[in-house]
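Okay, so here's the structure we're looking at.
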Amino acid sequence: MELLQQVRPTDSPQTNLSHLKYGFTYKISQELEEQMLLIKIFLKLLEDSQGHLSDDQQLEYLQMIQDSVHQMTQALHEAIEDFVAETG
C-alpha cells in the first residue's frame with residue numbers, strides 16, 4: 001500500500017498526517033505479523049521434533065528463524081525510511 005495514495009489535496013494537513021500514520025502503522029504491522037508467524041511455525045517444528053531431527057535439520061530450521069528475524073528487521077527499516085521520505 002503506497003502511503004501517499006492516502007493523501008488528498010482537499011484534506012487538512014492534520015487529516016493527511018493521520019492517514020499517513022495509519023498507513024505506516026498498518027504496513028509495519030502486516031510485515032511484522034507475517035514474519036512472526038513464520039518464526040512461530042519454525043519454533044513449533046523444532047519443539048515437536050525434538051529427538052527426531054538430525055543436527056543438520058535443526059540448524060536448517062534455526063537458519064530459517066534467523067532469516068525471518070532478518071527480514072522482519074529489514075522490513076521495519078524500509079518502512080521507516082519510506083515513511084520519512086514520504087512525509088518529508
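Chain labels A, B, ... are given in the sequence in which chains occur in the C-alpha cells; within each chain residues are numbered consecutively from 1, and ligands are likewise numbered from 1 in the order shown.
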Got a sec: who's within 8 Å of range 75-83 of chain A, counting only C-alpha atoms, leaving out chain neighbours fewer than 6 positions off, as a PyMOL selection string?
chain A and resi 3+20+24+27-28+31-32
Written file, previous selection with N, CA and C atoms, as a PDB file, in the first residue's frame:
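result.pdb, freshly written:
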ATOM      1  N   LEU A   3       1.788   4.802   0.728  1.00  0.00           N
ATOM      2  CA  LEU A   3       1.291   5.714   1.756  1.00  0.00           C
ATOM      3  C   LEU A   3       0.757   7.013   1.166  1.00  0.00           C
ATOM      4  N   LEU A  20      -1.443   9.115   6.871  1.00  0.00           N
ATOM      5  CA  LEU A  20      -0.088   8.588   6.696  1.00  0.00           C
ATOM      6  C   LEU A  20       0.334   7.742   7.891  1.00  0.00           C
ATOM      7  N   PHE A  24       1.229   3.835   7.682  1.00  0.00           N
ATOM      8  CA  PHE A  24       2.546   3.394   8.160  1.00  0.00           C
ATOM      9  C   PHE A  24       2.391   2.282   9.189  1.00  0.00           C
ATOM     10  N   LYS A  27       1.125  -0.935   7.492  1.00  0.00           N
ATOM     11  CA  LYS A  27       2.170  -1.594   6.698  1.00  0.00           C
ATOM     12  C   LYS A  27       3.166  -2.326   7.598  1.00  0.00           C
ATOM     13  N   ILE A  28       3.603  -1.674   8.636  1.00  0.00           N
ATOM     14  CA  ILE A  28       4.575  -2.297   9.539  1.00  0.00           C
ATOM     15  C   ILE A  28       3.957  -3.497  10.258  1.00  0.00           C
ATOM     16  N   GLU A  31       3.769  -6.539   7.915  1.00  0.00           N
ATOM     17  CA  GLU A  31       5.086  -7.122   7.658  1.00  0.00           C
ATOM     18  C   GLU A  31       5.594  -7.901   8.878  1.00  0.00           C
ATOM     19  N   LEU A  32       5.448  -7.304  10.040  1.00  0.00           N
ATOM     20  CA  LEU A  32       5.937  -7.949  11.257  1.00  0.00           C
ATOM     21  C   LEU A  32       5.107  -9.181  11.610  1.00  0.00           C
TER      22      LEU A  32
END
Excluding Ile39 in chain A and its own-chain neighbours fewer than 4 positions away, which residues fall within 7 Å of it when counting only C-alpha atoms? Please give them as a list in words.
Gln35, Leu43, Ile65 and Ser68 of chain A
Output for the residues just chosen: N, CA, C and O atoms as a PDB file, in the first residue's frame:
ATOM      1  N   GLN A  35       6.195 -12.222   9.490  1.00  0.00           N
ATOM      2  CA  GLN A  35       7.465 -12.808   9.913  1.00  0.00           C
ATOM      3  C   GLN A  35       7.350 -13.489  11.277  1.00  0.00           C
ATOM      4  O   GLN A  35       7.967 -14.532  11.515  1.00  0.00           O
ATOM      5  N   LEU A  43       9.665 -22.539  15.185  1.00  0.00           N
ATOM      6  CA  LEU A  43       9.920 -22.921  16.577  1.00  0.00           C
ATOM      7  C   LEU A  43       9.070 -24.124  16.980  1.00  0.00           C
ATOM      8  O   LEU A  43       9.551 -25.036  17.659  1.00  0.00           O
ATOM      9  N   ILE A  65      14.663 -19.372  11.015  1.00  0.00           N
ATOM     10  CA  ILE A  65      14.235 -18.431  12.048  1.00  0.00           C
ATOM     11  C   ILE A  65      15.083 -17.162  11.972  1.00  0.00           C
ATOM     12  O   ILE A  65      14.557 -16.047  11.990  1.00  0.00           O
ATOM     13  N   SER A  68      14.037 -15.087   9.048  1.00  0.00           N
ATOM     14  CA  SER A  68      12.782 -14.374   9.300  1.00  0.00           C
ATOM     15  C   SER A  68      13.005 -13.146  10.171  1.00  0.00           C
ATOM     16  O   SER A  68      12.420 -12.089   9.925  1.00  0.00           O
TER      17      SER A  68
END
Using only C-alpha atoms, which residues sit within 12 Å of Leu45 in chain A once same-chain residues fewer than 2 positions away are excluded, as a ChimeraX atom specification?
/A:38-43,47-53,57-58,60-62,64-65
Members of chain A assigned alpha helix (DSSP H) by DSSP, as a ChimeraX atom specification:
/A:13-48,55-87
Kindly save the residues from that selection, with C-alpha atoms included, as a JSON list (two decimals), in the first residue's frame.
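Generated file (selection-v9.json):
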[["chain", "number", "residue", "atom", "x", "y", "z"],
["A", 13, "PRO", "CA", -2.61, 18.66, 6.81],
["A", 14, "GLN", "CA", -3.65, 17.05, 10.10],
["A", 15, "THR", "CA", -6.01, 14.67, 8.34],
["A", 16, "ASN", "CA", -3.37, 13.75, 5.78],
["A", 17, "LEU", "CA", -0.82, 13.17, 8.53],
["A", 18, "SER", "CA", -3.34, 10.98, 10.32],
["A", 19, "HIS", "CA", -3.86, 8.95, 7.12],
["A", 20, "LEU", "CA", -0.09, 8.59, 6.70],
["A", 21, "LYS", "CA", 0.37, 7.45, 10.29],
["A", 22, "TYR", "CA", -2.38, 4.88, 9.91],
["A", 23, "GLY", "CA", -0.91, 3.59, 6.63],
["A", 24, "PHE", "CA", 2.55, 3.39, 8.16],
["A", 25, "THR", "CA", 1.29, 1.50, 11.19],
["A", 26, "TYR", "CA", -0.75, -0.85, 9.02],
["A", 27, "LYS", "CA", 2.17, -1.59, 6.70],
["A", 28, "ILE", "CA", 4.57, -2.30, 9.54],
["A", 29, "SER", "CA", 2.14, -4.46, 11.48],
["A", 30, "GLN", "CA", 1.40, -6.59, 8.41],
["A", 31, "GLU", "CA", 5.09, -7.12, 7.66],
["A", 32, "LEU", "CA", 5.94, -7.95, 11.26],
["A", 33, "GLU", "CA", 2.93, -10.22, 11.74],
["A", 34, "GLU", "CA", 3.90, -12.31, 8.71],
["A", 35, "GLN", "CA", 7.47, -12.81, 9.91],
["A", 36, "MET", "CA", 6.38, -13.53, 13.49],
["A", 37, "LEU", "CA", 4.06, -16.25, 12.21],
["A", 38, "LEU", "CA", 6.94, -17.87, 10.33],
["A", 39, "ILE", "CA", 9.12, -17.77, 13.43],
["A", 40, "LYS", "CA", 6.36, -19.39, 15.50],
["A", 41, "ILE", "CA", 5.93, -22.13, 12.90],
["A", 42, "PHE", "CA", 9.64, -22.94, 12.78],
["A", 43, "LEU", "CA", 9.92, -22.92, 16.58],
["A", 44, "LYS", "CA", 6.93, -25.26, 16.86],
["A", 45, "LEU", "CA", 8.52, -27.60, 14.30],
["A", 46, "LEU", "CA", 11.70, -27.66, 16.37],
["A", 47, "GLU", "CA", 9.80, -28.30, 19.60],
["A", 48, "ASP", "CA", 7.63, -31.06, 18.14],
["A", 55, "ASP", "CA", 21.69, -31.76, 13.69],
["A", 56, "ASP", "CA", 21.66, -30.50, 10.10],
["A", 57, "GLN", "CA", 17.86, -30.31, 10.06],
["A", 58, "GLN", "CA", 17.83, -28.44, 13.37],
["A", 59, "LEU", "CA", 20.41, -26.00, 12.03],
["A", 60, "GLU", "CA", 18.30, -25.53, 8.90],
["A", 61, "TYR", "CA", 15.23, -24.58, 10.98],
["A", 62, "LEU", "CA", 17.33, -22.25, 13.10],
["A", 63, "GLN", "CA", 18.64, -20.61, 9.94],
["A", 64, "MET", "CA", 15.06, -20.12, 8.74],
["A", 65, "ILE", "CA", 14.24, -18.43, 12.05],
["A", 66, "GLN", "CA", 17.28, -16.17, 11.74],
["A", 67, "ASP", "CA", 16.28, -15.32, 8.16],
["A", 68, "SER", "CA", 12.78, -14.37, 9.30],
["A", 69, "VAL", "CA", 14.16, -12.14, 12.03],
["A", 70, "HIS", "CA", 16.46, -10.50, 9.48],
["A", 71, "GLN", "CA", 13.54, -9.96, 7.06],
["A", 72, "MET", "CA", 11.45, -8.51, 9.87],
["A", 73, "THR", "CA", 14.21, -6.08, 10.79],
["A", 74, "GLN", "CA", 14.77, -5.15, 7.16],
["A", 75, "ALA", "CA", 11.04, -4.57, 6.59],
["A", 76, "LEU", "CA", 10.89, -2.33, 9.64],
["A", 77, "HIS", "CA", 13.86, -0.26, 8.48],
["A", 78, "GLU", "CA", 12.45, 0.04, 4.95],
["A", 79, "ALA", "CA", 9.04, 1.08, 6.25],
["A", 80, "ILE", "CA", 10.59, 3.75, 8.45],
["A", 81, "GLU", "CA", 12.71, 5.03, 5.55],
["A", 82, "ASP", "CA", 9.65, 5.12, 3.27],
["A", 83, "PHE", "CA", 7.63, 6.96, 5.88],
["A", 84, "VAL", "CA", 10.36, 9.55, 6.44],
["A", 85, "ALA", "CA", 10.83, 10.04, 2.69],
["A", 86, "GLU", "CA", 7.10, 10.43, 2.06],
["A", 87, "THR", "CA", 6.43, 12.78, 4.96]]
